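**Q** Sharing query19.txt (compact mmCIF, C-alpha atoms) below.
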# COMPACT_ATOMS: atom_id res chain seq x y z
CA MET A 62 2.79 -18.78 5.47
CA ILE A 63 1.59 -22.38 5.14
CA GLU A 64 -1.78 -22.52 3.38
CA LYS A 65 -4.61 -24.44 5.01
CA ARG A 66 -5.76 -26.27 1.91
CA ALA A 67 -4.77 -26.40 -1.72
CA LEU A 68 -7.06 -25.20 -4.47
CA LEU A 69 -6.78 -24.90 -8.21
CA ARG A 70 -4.53 -22.02 -9.20
CA ASN A 71 -6.40 -18.82 -9.94
CA LEU A 72 -4.76 -17.64 -13.15
CA ALA A 73 -7.09 -14.68 -13.37
CA LEU A 74 -5.40 -13.25 -10.30
CA ALA A 75 -2.00 -14.14 -11.67
CA SER A 76 -2.55 -11.78 -14.58
CA ALA A 77 -3.60 -8.92 -12.33
CA ILE A 78 -0.21 -7.21 -12.63
CA VAL A 79 0.93 -6.29 -16.12
CA LEU A 80 3.36 -3.81 -17.55
CA VAL A 81 1.04 -0.93 -18.39
CA ALA A 82 3.23 0.42 -21.17
CA GLY A 83 3.29 -2.82 -23.12
CA CYS A 84 0.25 -4.56 -21.58
CA LYS A 85 2.39 -7.65 -21.17
CA VAL A 86 1.43 -10.18 -18.53
CA ILE A 87 4.10 -11.11 -16.02
CA PRO A 88 5.56 -14.50 -17.00
CA LYS A 89 4.52 -17.59 -15.08
CA GLY A 90 8.01 -19.05 -14.91
CA PRO A 91 9.57 -22.11 -16.52
CA PRO A 92 7.66 -25.36 -17.19
CA VAL A 93 6.36 -27.42 -14.28
CA SER A 94 9.08 -29.97 -14.85
CA GLY A 95 11.37 -27.89 -12.63
CA PRO A 96 11.12 -27.55 -8.83
CA GLY A 97 7.81 -26.18 -7.57
CA PRO A 98 7.21 -22.82 -5.86
CA VAL A 99 8.60 -22.59 -2.36
CA ALA A 100 7.39 -20.55 0.61
CA THR A 101 8.93 -21.45 3.93
CA GLU A 102 9.33 -20.23 7.46
CA ALA A 103 12.82 -19.19 8.46
CA PRO A 104 14.75 -22.18 9.84
CA GLY A 105 17.07 -22.07 12.77
CA SER A 106 20.11 -22.46 10.55
CA THR A 107 21.23 -21.42 7.09
CA LEU A 108 19.06 -22.63 4.21
CA PRO A 109 20.40 -25.44 2.02
CA THR A 110 22.13 -24.54 -1.23
CA ASP A 111 19.65 -23.79 -4.00
CA ARG A 112 21.05 -22.71 -7.36
CA GLU A 113 17.79 -22.87 -9.30
CA ARG A 114 15.73 -20.35 -7.34
CA HIS A 115 16.03 -16.73 -6.36
CA ARG A 116 16.10 -16.36 -2.61
CA ILE A 117 13.67 -13.75 -1.37
CA ALA A 118 13.22 -12.76 2.26
CA LEU A 119 9.80 -11.71 3.53
CA LEU A 120 10.15 -9.64 6.70
CA VAL A 121 6.82 -9.16 8.49
CA PRO A 122 5.51 -9.40 12.08
CA LEU A 123 4.24 -12.91 12.78
CA SER A 124 3.80 -12.43 16.51
CA GLY A 125 2.80 -9.58 18.79
CA THR A 126 0.35 -6.74 18.08
CA ASN A 127 0.66 -6.76 14.29
CA ALA A 128 0.76 -10.54 13.84
CA GLY A 129 -2.54 -10.60 11.97
CA VAL A 130 -1.38 -8.04 9.43
CA GLY A 131 1.94 -9.81 8.94
CA GLN A 132 0.32 -13.21 8.47
CA SER A 133 -2.09 -11.72 5.96
CA LEU A 134 0.83 -10.36 3.94
CA ALA A 135 2.62 -13.72 4.19
CA ASN A 136 -0.47 -15.59 3.04
CA ALA A 137 -0.80 -13.26 0.07
CA THR A 138 2.76 -14.00 -1.04
CA THR A 139 1.95 -17.70 -0.90
CA MET A 140 -1.12 -17.05 -3.07
CA ALA A 141 1.00 -15.23 -5.63
CA LEU A 142 3.48 -18.11 -5.80
CA LEU A 143 0.70 -20.63 -6.32
CA ASP A 144 -1.34 -18.54 -8.74
CA THR A 145 1.67 -18.02 -10.98
CA ASN A 146 3.20 -21.47 -10.46
CA ALA A 147 6.46 -19.64 -9.83
CA GLN A 148 9.25 -22.15 -10.24
CA ASN A 149 12.18 -19.81 -9.72
CA LEU A 150 11.50 -18.19 -6.33
CA ARG A 151 12.14 -19.34 -2.78
CA ILE A 152 10.46 -17.01 -0.30
CA THR A 153 11.39 -17.39 3.35
CA THR A 154 9.52 -15.53 6.09
CA TYR A 155 11.28 -13.88 9.04
CA ASP A 156 9.42 -12.51 12.07
CA THR A 157 10.28 -8.86 12.69
CA ALA A 158 8.25 -8.76 15.92
CA THR A 159 11.06 -10.60 17.70
CA GLY A 160 13.51 -7.98 16.46
CA ALA A 161 13.96 -6.45 13.00
CA GLN A 162 17.74 -6.54 13.37
CA SER A 163 17.71 -10.25 14.20
CA ALA A 164 15.33 -10.99 11.31
CA ALA A 165 17.51 -9.08 8.87
CA SER A 166 20.65 -10.80 10.13
CA ARG A 167 19.18 -14.25 9.53
CA ALA A 168 17.79 -13.23 6.14
CA LEU A 169 21.18 -12.02 4.95
CA ALA A 170 22.98 -15.05 6.38
CA ASP A 171 20.60 -17.28 4.43
CA GLY A 172 21.73 -15.67 1.19
CA ASN A 173 18.56 -13.79 0.26
CA LYS A 174 19.12 -11.24 -2.52
CA LEU A 175 15.92 -9.23 -2.10
CA ILE A 176 13.81 -8.26 0.91
CA LEU A 177 10.04 -7.82 0.73
CA GLY A 178 9.02 -5.73 3.73
CA PRO A 179 9.27 -4.84 6.51
CA LEU A 180 5.97 -3.21 7.45
CA LEU A 181 6.85 -0.59 10.08
CA ASN A 182 8.93 2.45 9.16
CA GLU A 183 11.25 2.08 12.14
CA ASP A 184 11.97 -1.50 11.07
CA VAL A 185 12.71 -0.34 7.53
CA ARG A 186 15.51 1.89 8.74
CA THR A 187 16.95 -0.86 10.93
CA VAL A 188 16.89 -3.45 8.15
CA ALA A 189 18.22 -1.05 5.52
CA ALA A 190 21.28 -0.29 7.63
CA MET A 191 22.13 -4.00 7.62
CA ALA A 192 21.09 -4.86 4.07
CA ARG A 193 22.83 -1.96 2.36
CA PRO A 194 26.42 -3.19 2.91
CA ALA A 195 25.34 -6.57 1.50
CA HIS A 196 23.83 -4.86 -1.59
CA VAL A 197 20.41 -6.36 -0.87
CA PRO A 198 17.57 -3.97 -1.81
CA MET A 199 14.15 -3.76 -0.17
CA ILE A 200 10.60 -3.39 -1.42
CA THR A 201 8.87 -2.28 1.76
CA PHE A 202 5.17 -2.37 2.61
CA SER A 203 5.49 0.86 4.58
CA ASN A 204 3.51 3.92 3.46
CA ASP A 205 6.11 6.32 4.88
CA SER A 206 7.80 7.98 1.92
CA SER A 207 10.60 9.29 4.15
CA VAL A 208 12.15 5.80 4.40
CA ALA A 209 12.70 5.57 0.63
CA ALA A 210 16.30 5.46 -0.55
CA GLU A 211 18.35 4.34 -3.52
CA ASP A 212 17.96 0.74 -2.40
CA VAL A 213 14.62 1.05 -0.54
CA PHE A 214 11.42 1.05 -2.61
CA VAL A 215 8.19 2.08 -0.88
CA LEU A 216 5.26 0.00 -2.15
CA GLY A 217 2.66 1.14 0.41
CA HIS A 218 -0.26 3.49 -0.20
CA VAL A 219 1.15 6.92 0.65
CA PRO A 220 -1.50 9.14 2.34
CA ALA A 221 -0.09 12.34 0.83
CA GLN A 222 -0.94 11.11 -2.66
CA ALA A 223 -4.57 10.47 -1.69
CA VAL A 224 -4.82 13.95 -0.20
CA ALA A 225 -3.35 15.52 -3.33
CA ARG A 226 -5.80 13.61 -5.53
CA VAL A 227 -8.92 14.77 -3.69
CA VAL A 228 -7.66 18.36 -3.52
CA SER A 229 -7.00 18.34 -7.26
CA PHE A 230 -10.52 17.06 -7.84
CA ALA A 231 -12.07 19.73 -5.60
CA ARG A 232 -10.03 22.43 -7.33
CA ALA A 233 -11.22 21.20 -10.72
CA LYS A 234 -14.77 21.63 -9.44
CA GLY A 235 -14.09 25.33 -8.83
CA MET A 236 -13.18 25.32 -5.15
CA SER A 237 -10.29 27.58 -4.15
CA ARG A 238 -10.71 28.32 -0.42
CA PHE A 239 -9.85 25.37 1.80
CA ALA A 240 -9.88 24.63 5.52
CA MET A 241 -8.57 21.76 7.62
CA LEU A 242 -9.06 19.80 10.83
CA ALA A 243 -5.87 17.90 11.67
CA PRO A 244 -4.98 15.84 14.76
CA GLY A 245 -1.75 16.05 16.66
CA GLY A 246 0.80 13.31 16.15
CA GLU A 247 2.81 12.03 13.21
CA TYR A 248 -0.09 11.14 10.92
CA GLY A 249 -1.80 14.48 11.48
CA GLN A 250 1.39 16.40 10.82
CA ARG A 251 2.01 14.55 7.58
CA ALA A 252 -1.57 14.95 6.43
CA ALA A 253 -1.54 18.67 7.22
CA GLY A 254 1.74 19.14 5.38
CA ALA A 255 0.50 17.18 2.38
CA TYR A 256 -2.78 19.12 2.32
CA THR A 257 -1.04 22.48 2.49
CA ALA A 258 1.32 21.54 -0.33
CA ALA A 259 -1.49 20.11 -2.47
CA VAL A 260 -3.71 23.16 -2.06
CA ARG A 261 -0.89 25.51 -2.99
CA ALA A 262 0.13 23.38 -5.97
CA ALA A 263 -3.47 23.42 -7.21
CA GLY A 264 -3.65 27.20 -6.99
CA GLY A 265 -5.90 27.39 -3.94
CA SER A 266 -5.38 28.75 -0.44
CA ILE A 267 -5.95 27.51 3.09
CA VAL A 268 -8.01 30.13 4.87
CA ALA A 269 -8.66 28.36 8.19
CA SER A 270 -7.43 25.41 10.24
CA GLU A 271 -7.91 23.94 13.68
CA PRO A 272 -5.77 21.34 15.47
CA TYR A 273 -7.16 18.82 17.96
CA ASP A 274 -6.14 15.99 20.22
CA ARG A 275 -7.54 12.59 19.34
CA GLY A 276 -10.36 12.71 21.82
CA ASN A 277 -14.10 12.94 21.27
CA THR A 278 -14.49 16.32 22.97
CA SER A 279 -11.41 17.84 21.38
CA ILE A 280 -12.41 17.21 17.79
CA THR A 281 -15.99 18.42 18.24
CA SER A 282 -14.74 21.60 19.88
CA ALA A 283 -12.22 22.16 17.07
CA ALA A 284 -14.92 21.56 14.46
CA GLY A 285 -17.17 24.09 16.18
CA ARG A 286 -14.41 26.70 16.14
CA LEU A 287 -13.71 26.02 12.46
CA LYS A 288 -17.41 26.30 11.62
CA ALA A 289 -17.53 29.71 13.31
CA LYS A 290 -14.63 30.99 11.22
CA GLY A 291 -16.30 30.22 7.90
CA GLY A 292 -15.07 31.58 4.59
CA TYR A 293 -14.09 28.26 3.01
CA GLU A 294 -15.64 26.01 0.38
CA ALA A 295 -14.03 22.70 1.33
CA VAL A 296 -12.66 21.30 4.58
CA LEU A 297 -10.41 18.29 5.11
CA ILE A 298 -10.95 16.08 8.15
CA ALA A 299 -7.48 14.56 8.30
CA ASP A 300 -8.40 11.46 10.27
CA GLY A 301 -10.13 8.11 10.15
CA ALA A 302 -13.83 7.32 10.07
CA ARG A 303 -14.42 7.30 13.84
CA MET A 304 -13.27 10.89 14.26
CA ALA A 305 -14.83 12.08 11.02
CA VAL A 306 -18.32 11.02 12.05
CA ARG A 307 -17.99 13.13 15.21
CA ALA A 308 -16.69 16.22 13.46
CA ALA A 309 -18.96 16.28 10.40
CA PRO A 310 -22.22 17.29 12.16
CA MET A 311 -20.42 20.29 13.65
CA LEU A 312 -19.19 21.44 10.23
CA LYS A 313 -22.38 21.34 8.15
CA ALA A 314 -26.06 20.69 8.50
CA VAL A 315 -27.55 17.48 7.13
CA GLY A 316 -28.52 18.04 3.50
CA ALA A 317 -26.41 21.17 3.10
CA VAL A 318 -24.11 21.32 0.08
CA ALA A 319 -21.44 23.57 1.54
CA PRO A 320 -18.87 23.30 2.81
CA ARG A 321 -17.76 20.19 0.93
CA ILE A 322 -16.11 17.79 3.38
CA LEU A 323 -12.96 16.05 2.20
CA GLY A 324 -11.61 12.87 3.75
CA THR A 325 -8.60 10.59 3.75
CA GLU A 326 -7.84 7.15 2.37
CA LEU A 327 -8.60 5.83 5.88
CA TRP A 328 -12.30 6.17 5.08
CA ALA A 329 -12.22 3.45 2.42
CA GLY A 330 -14.34 0.46 3.39
CA GLU A 331 -15.68 2.07 6.59
CA SER A 332 -19.45 1.56 6.88
CA THR A 333 -19.79 4.26 9.55
CA VAL A 334 -18.90 6.89 6.96
CA LEU A 335 -21.83 5.91 4.75
CA ALA A 336 -24.14 5.72 7.76
CA THR A 337 -23.44 9.31 8.86
CA PRO A 338 -25.89 11.77 7.22
CA ALA A 339 -23.56 14.77 7.66
CA LEU A 340 -20.90 12.97 5.59
CA ARG A 341 -23.19 12.45 2.60
CA GLY A 342 -21.57 14.06 -0.42
CA ALA A 343 -18.07 14.08 1.12
CA TRP A 344 -15.16 13.29 -1.20
CA PHE A 345 -12.09 11.17 -0.53
CA ALA A 346 -9.51 9.34 -2.65
CA ALA A 347 -8.71 5.64 -2.48
CA VAL A 348 -7.06 2.95 -4.56
CA SER A 349 -9.41 1.01 -6.81
CA ASP A 350 -11.24 -2.02 -5.41
CA ALA A 351 -11.96 -3.42 -8.90
CA ARG A 352 -9.67 -6.44 -8.43
CA TYR A 353 -9.88 -6.66 -4.67
CA ALA A 354 -13.14 -8.64 -4.47
CA LYS A 355 -11.69 -11.51 -6.50
CA PHE A 356 -8.57 -11.47 -4.35
CA VAL A 357 -10.65 -11.64 -1.16
CA SER A 358 -12.70 -14.54 -2.49
CA SER A 359 -9.60 -16.55 -3.34
CA TYR A 360 -7.93 -15.65 -0.04
CA LYS A 361 -10.97 -16.79 1.99
CA ALA A 362 -11.13 -20.08 0.09
CA ARG A 363 -7.50 -20.82 0.89
CA PHE A 364 -7.15 -19.51 4.43
CA GLY A 365 -10.68 -19.50 5.82
CA ALA A 366 -10.66 -15.84 6.82
CA SER A 367 -10.70 -12.38 5.27
CA PRO A 368 -7.37 -10.66 4.54
CA TYR A 369 -6.29 -7.28 5.83
CA ARG A 370 -6.65 -4.69 3.05
CA ILE A 371 -2.88 -4.23 2.94
CA ALA A 372 -2.38 -7.89 1.96
CA THR A 373 -2.53 -6.96 -1.72
CA LEU A 374 0.95 -5.46 -1.30
CA GLY A 375 2.34 -8.90 -0.49
CA TYR A 376 0.79 -10.35 -3.63
CA ASP A 377 1.97 -7.49 -5.84
CA GLY A 378 5.45 -7.61 -4.34
CA VAL A 379 5.87 -11.19 -5.51
CA LEU A 380 4.60 -10.45 -9.00
CA LEU A 381 6.94 -7.48 -9.30
CA THR A 382 9.79 -9.79 -8.38
CA LEU A 383 8.69 -12.30 -11.02
CA ASN A 384 8.67 -9.57 -13.61
CA VAL A 385 12.27 -8.70 -12.85
CA ALA A 386 13.28 -12.36 -12.51
CA ARG A 387 12.95 -12.92 -16.26
CA ASP A 388 16.44 -11.45 -16.69
CA TRP A 389 17.83 -12.08 -13.22
CA LYS A 390 20.42 -14.79 -12.73
CA PRO A 391 19.96 -16.73 -9.46
CA GLY A 392 22.59 -15.76 -6.91
CA SER A 393 23.35 -12.41 -8.54
CA LEU A 394 22.37 -8.95 -7.30
CA PHE A 395 18.76 -7.91 -7.79
CA PRO A 396 18.51 -5.53 -10.82
CA THR A 397 16.66 -2.63 -9.19
CA ARG A 398 16.83 -0.54 -12.37
CA LYS A 399 14.02 -2.65 -13.82
CA LEU A 400 11.66 -1.31 -11.18
CA GLY A 401 11.94 2.15 -12.73
CA ASP A 402 9.77 1.44 -15.79
CA ARG A 403 8.04 4.77 -16.51
CA GLY A 404 5.05 3.01 -18.02
CA GLY A 405 4.40 1.52 -14.61
CA PHE A 406 2.60 -1.62 -13.55
CA LEU A 407 -1.01 -2.65 -13.07
CA GLY A 408 -1.49 -4.36 -9.73
CA LEU A 409 -4.38 -5.53 -7.59
CA ASP A 410 -4.80 -1.94 -6.38
CA GLY A 411 -4.58 -0.36 -9.84
CA ALA A 412 -1.81 1.33 -11.79
CA PHE A 413 1.42 2.33 -10.04
CA ARG A 414 5.04 3.09 -10.80
CA PHE A 415 8.11 3.97 -8.81
CA ALA A 416 8.93 7.65 -9.07
CA ASP A 417 12.46 9.02 -9.03
CA ASP A 418 12.41 8.96 -5.22
CA ASN A 419 11.59 5.20 -5.28
CA VAL A 420 8.12 5.76 -3.81
CA ALA A 421 5.23 4.02 -5.57
CA GLU A 422 3.17 6.64 -7.37
CA ARG A 423 -0.37 5.30 -7.54
CA ALA A 424 -3.48 5.96 -9.58
CA TRP A 425 -6.23 7.04 -7.17
CA GLU A 426 -9.97 7.23 -7.69
CA VAL A 427 -12.21 9.80 -6.00
CA ARG A 428 -15.31 8.54 -4.21
CA GLU A 429 -18.32 10.44 -2.98
CA VAL A 430 -19.99 9.21 0.18
CA GLY A 431 -23.37 7.97 -0.96
CA GLY A 432 -22.55 8.64 -4.61
CA GLY A 433 -19.94 6.04 -5.52
CA ILE A 434 -16.93 6.73 -7.74
CA VAL A 435 -17.03 10.28 -9.13
CA ALA A 436 -13.57 10.24 -10.72
CA PRO A 437 -12.15 6.85 -11.80
CA ALA A 438 -8.49 6.06 -11.28
CA PRO A 439 -6.40 6.45 -14.45
CA THR A 440 -5.52 3.12 -16.01
CA ARG A 441 -2.08 4.22 -17.20
CA PHE A 442 0.45 7.00 -16.72
CA GLY A 443 0.72 9.73 -19.31
CA ASN A 444 4.39 10.61 -18.85
Once you've parsed the file, please lay out its structure as structure tokens.

**A**
Amino acid sequence: MIEKRALLRNLALASAIVLVAGCKVIPKGPPVSGPGPVATEAPGSTLPTDRERHRIALLVPLSGTNAGVGQSLANATTMALLDTNAQNLRITTYDTATGAQSAASRALADGNKLILGPLLNEDVRTVAAMARPAHVPMITFSNDSSVAAEDVFVLGHVPAQAVARVVSFARAKGMSRFAMLAPGGEYGQRAAGAYTAAVRAAGGSIVASEPYDRGNTSITSAAGRLKAKGGYEAVLIADGARMAVRAAPMLKAVGAVAPRILGTELWAGESTVLATPALRGAWFAAVSDARYAKFVSSYKARFGASPYRIATLGYDGVLLTLNVARDWKPGSLFPTRKLGDRGGFLGLDGAFRFADDNVAERAWEVREVGGGIVAPAPTRFGN
């Protein structure tokens, strides 16, 4: 969480989140005459009394397998504090890798009134069970919509939304008969369920599907079986780039128009997708990268390395908090109702708003492999 070197504040990034409805930039806090922004590591004992700042807990893994992701999120929150010169927030980081329950216990004992994180869905449930009796809400970085609750807001990029967006686009292009390749496991099950629901909602039908284990032979065999069935205009490969490049040549010949291959948000930023001839012309949905390049440049200058793509959620989480903090008295309960603005917000990843289920509904763009953006992400919500 401690930055490696200080730079001039990047106010262009600070204005990256605005209220879409009113196009009003999130405030930068009171004058510099007050105490400066604070981002600290969790101490061994309770934090000192601080009546001038809102206490925010950041729960991310700082050790173990996901340490790099957690540190990237933590660094991004530090960037947001510095870019906005936030005078009224104290963000303290707690390592969930040593135990989400222990991290939550220390965060609550330290008097934090809002939790940003955690990252993993199993940790969200653990932390929520402890935070709920204390009336401390959470804005989690998880992309699992099932963990959302009255006091748990899901900020992550939900795969089902990306699937629905690309299906809607394909349907608008006249496609009505769909097929699917989906792996076993939790992600595959969710993707398959989301795809089925999206196709039905768009007025299409799924005419063929093949499951596979996540192995090189299994997916190529499944793709061959699906190819033999035929009868569909579009086929979803519900997996990441590595598996997609193996399945695509079995589904269509290089240069062929049909069937149109559809992908997932996991394809975004993967060079192997662009380098695979059979995937040329494939469609997939992703959040906009329009503001991401500037974020990466600033992040590299401060920390000497590239961020994980998910780090933008840490930055946006802080700016959301600042937006609410305009009318939030330090020490009082966090006013979650203010997160329900129907006009939404404009963050580093584009427009988003919290739906009635407290899951961030995002504006997705559709990209064509080799053809760039074929359907831009909406800049605001219509209803």

**Q** If you measure from atom CA of A:Gly265 to atom CA of A:Glu331, what distance in Å do you get, rounded to one decimal?

**A**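 Rounded to one decimal, the two atoms are 29.1 Å apart.
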
**Q** What does the distance from atom CA of A:Val227 to atom CA of A:Ala258 come to in Å, to one decimal?

**A**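 Value for the atom CA of A:Val227-atom CA of A:Ala258 distance: 12.7 Å.
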
**Q** Which value, in Å to one decimal, gives the distance between atom CA of A:Gly392 and atom CA of A:Ala137?

**A** 24.5 Å

**Q** Show me, as a ChimeraX atom specification, the residues that have an atom within 9 Å of A:Asp402 when counting all atoms listed in the file, minus same-chain residues fewer than 2 positions from it.

**A** /A:80,82,398-400,404-406,414-415

**Q** For the residues in that selection, give me C-alpha atoms as a PDB file, keeping the file's coordinate frame.

**A**
ATOM      1  CA  LEU A  80       3.360  -3.810 -17.550  1.00  0.00           C
ATOM      2  CA  ALA A  82       3.230   0.420 -21.170  1.00  0.00           C
ATOM      3  CA  ARG A 398      16.830  -0.540 -12.370  1.00  0.00           C
ATOM      4  CA  LYS A 399      14.020  -2.650 -13.820  1.00  0.00           C
ATOM      5  CA  LEU A 400      11.660  -1.310 -11.180  1.00  0.00           C
ATOM      6  CA  GLY A 404       5.050   3.010 -18.020  1.00  0.00           C
ATOM      7  CA  GLY A 405       4.400   1.520 -14.610  1.00  0.00           C
ATOM      8  CA  PHE A 406       2.600  -1.620 -13.550  1.00  0.00           C
ATOM      9  CA  ARG A 414       5.040   3.090 -10.800  1.00  0.00           C
ATOM     10  CA  PHE A 415       8.110   3.970  -8.810  1.00  0.00           C
TER      11      PHE A 415
END

**Q** Which of these, A:Ala362, A:Leu175, A:Ala233, A:Ala135, has the shortest distance to A:Phe214 once you count all atoms listed in the file?

**A**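 Looking only at the distances to A:Phe214, the closest residue turns out to be A:Leu175.
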
**Q** Restricting the calculation to all atoms listed in the file, which member of A:Arg341, A:Arg116, A:Arg186, A:Arg307 is positioned closest to A:Ser279?

**A**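 That would be A:Arg307, the residue with the smallest distance to A:Ser279.
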
**Q** When distances are computed from only C-alpha atoms, which of A:Ala436, A:Ala343, A:Ala283, A:Ala221 shows the smallest separation from A:Gln250?

**A**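 Of all the options, A:Ala221 lies closest to A:Gln250.
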
**Q** Residues within 7 Å of (-7.5, 26.1, 4.5), file coordinates, counting only C-alpha atoms: what are they? Give the list as a VMD selection string.

**A** chain A and resid 238 to 241 266 to 270

**Q** Quick one: residues within 8 Å of A:Leu327, all atoms listed in the file counted, chain neighbours fewer than 2 positions away excluded, as a PyMOL selection string?

**A** chain A and resi 300-302+324-325+329

**Q** With all atoms listed in the file as the atoms that count, which of A:Lys390, A:Arg112, A:Arg261, A:Arg370 lies nearest to A:Leu134?

**A** A:Arg370

**Q** From the coordinates supplied, stretch 147-154 of chain A should be written with all heavy atoms, as a PDB file, in the first residue's frame.

**A**
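Printed below is part_9.pdb as written:
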ATOM      1  N   ALA A 147      -7.627  13.404  -1.150  1.00  0.00           N
ATOM      2  CA  ALA A 147      -8.717  13.124  -0.206  1.00  0.00           C
ATOM      3  C   ALA A 147      -8.277  13.387   1.224  1.00  0.00           C
ATOM      4  O   ALA A 147      -7.397  12.699   1.740  1.00  0.00           O
ATOM      5  CB  ALA A 147      -9.177  11.677  -0.363  1.00  0.00           C
ATOM      6  N   GLN A 148      -8.889  14.350   1.855  1.00  0.00           N
ATOM      7  CA  GLN A 148      -8.516  14.732   3.210  1.00  0.00           C
ATOM      8  C   GLN A 148      -9.347  14.015   4.277  1.00  0.00           C
ATOM      9  O   GLN A 148      -9.010  14.070   5.461  1.00  0.00           O
ATOM     10  CB  GLN A 148      -8.708  16.241   3.387  1.00  0.00           C
ATOM     11  CG  GLN A 148      -7.955  17.081   2.363  1.00  0.00           C
ATOM     12  CD  GLN A 148      -6.457  16.931   2.495  1.00  0.00           C
ATOM     13  OE1 GLN A 148      -5.918  17.041   3.594  1.00  0.00           O
ATOM     14  NE2 GLN A 148      -5.781  16.685   1.390  1.00  0.00           N
ATOM     15  N   ASN A 149     -10.441  13.399   3.868  1.00  0.00           N
ATOM     16  CA  ASN A 149     -11.399  12.907   4.850  1.00  0.00           C
ATOM     17  C   ASN A 149     -11.503  11.385   4.917  1.00  0.00           C
ATOM     18  O   ASN A 149     -12.458  10.857   5.481  1.00  0.00           O
ATOM     19  CB  ASN A 149     -12.783  13.497   4.564  1.00  0.00           C
ATOM     20  CG  ASN A 149     -13.265  13.197   3.147  1.00  0.00           C
ATOM     21  OD1 ASN A 149     -12.494  12.751   2.316  1.00  0.00           O
ATOM     22  ND2 ASN A 149     -14.533  13.457   2.889  1.00  0.00           N
ATOM     23  N   LEU A 150     -10.526  10.673   4.335  1.00  0.00           N
ATOM     24  CA  LEU A 150     -10.559   9.213   4.382  1.00  0.00           C
ATOM     25  C   LEU A 150      -9.287   8.651   4.999  1.00  0.00           C
ATOM     26  O   LEU A 150      -8.191   9.139   4.736  1.00  0.00           O
ATOM     27  CB  LEU A 150     -10.701   8.619   2.971  1.00  0.00           C
ATOM     28  CG  LEU A 150     -11.918   8.970   2.129  1.00  0.00           C
ATOM     29  CD1 LEU A 150     -11.870   8.183   0.822  1.00  0.00           C
ATOM     30  CD2 LEU A 150     -13.212   8.690   2.869  1.00  0.00           C
ATOM     31  N   ARG A 151      -9.450   7.652   5.836  1.00  0.00           N
ATOM     32  CA  ARG A 151      -8.318   6.847   6.308  1.00  0.00           C
ATOM     33  C   ARG A 151      -8.590   5.416   5.852  1.00  0.00           C
ATOM     34  O   ARG A 151      -9.545   4.788   6.310  1.00  0.00           O
ATOM     35  CB  ARG A 151      -8.191   6.888   7.834  1.00  0.00           C
ATOM     36  CG  ARG A 151      -7.067   5.961   8.353  1.00  0.00           C
ATOM     37  CD  ARG A 151      -7.145   5.739   9.859  1.00  0.00           C
ATOM     38  NE  ARG A 151      -6.754   6.922  10.590  1.00  0.00           N
ATOM     39  CZ  ARG A 151      -5.500   7.239  10.926  1.00  0.00           C
ATOM     40  NH1 ARG A 151      -4.517   6.445  10.567  1.00  0.00           N
ATOM     41  NH2 ARG A 151      -5.242   8.324  11.610  1.00  0.00           N
ATOM     42  N   ILE A 152      -7.766   4.927   4.947  1.00  0.00           N
ATOM     43  CA  ILE A 152      -7.927   3.566   4.452  1.00  0.00           C
ATOM     44  C   ILE A 152      -6.834   2.684   5.039  1.00  0.00           C
ATOM     45  O   ILE A 152      -5.646   2.971   4.904  1.00  0.00           O
ATOM     46  CB  ILE A 152      -7.873   3.525   2.917  1.00  0.00           C
ATOM     47  CG1 ILE A 152      -9.042   4.320   2.330  1.00  0.00           C
ATOM     48  CG2 ILE A 152      -7.907   2.077   2.415  1.00  0.00           C
ATOM     49  CD1 ILE A 152      -9.124   4.295   0.823  1.00  0.00           C
ATOM     50  N   THR A 153      -7.256   1.623   5.705  1.00  0.00           N
ATOM     51  CA  THR A 153      -6.334   0.682   6.322  1.00  0.00           C
ATOM     52  C   THR A 153      -6.486  -0.676   5.655  1.00  0.00           C
ATOM     53  O   THR A 153      -7.609  -1.154   5.469  1.00  0.00           O
ATOM     54  CB  THR A 153      -6.602   0.553   7.829  1.00  0.00           C
ATOM     55  OG1 THR A 153      -6.612   1.853   8.421  1.00  0.00           O
ATOM     56  CG2 THR A 153      -5.535  -0.295   8.503  1.00  0.00           C
ATOM     57  N   THR A 154      -5.370  -1.279   5.292  1.00  0.00           N
ATOM     58  CA  THR A 154      -5.383  -2.550   4.561  1.00  0.00           C
ATOM     59  C   THR A 154      -5.215  -3.736   5.503  1.00  0.00           C
ATOM     60  O   THR A 154      -4.361  -3.725   6.388  1.00  0.00           O
ATOM     61  CB  THR A 154      -4.267  -2.574   3.513  1.00  0.00           C
ATOM     62  OG1 THR A 154      -4.359  -1.402   2.706  1.00  0.00           O
ATOM     63  CG2 THR A 154      -4.395  -3.801   2.617  1.00  0.00           C
TER      64      THR A 154
END
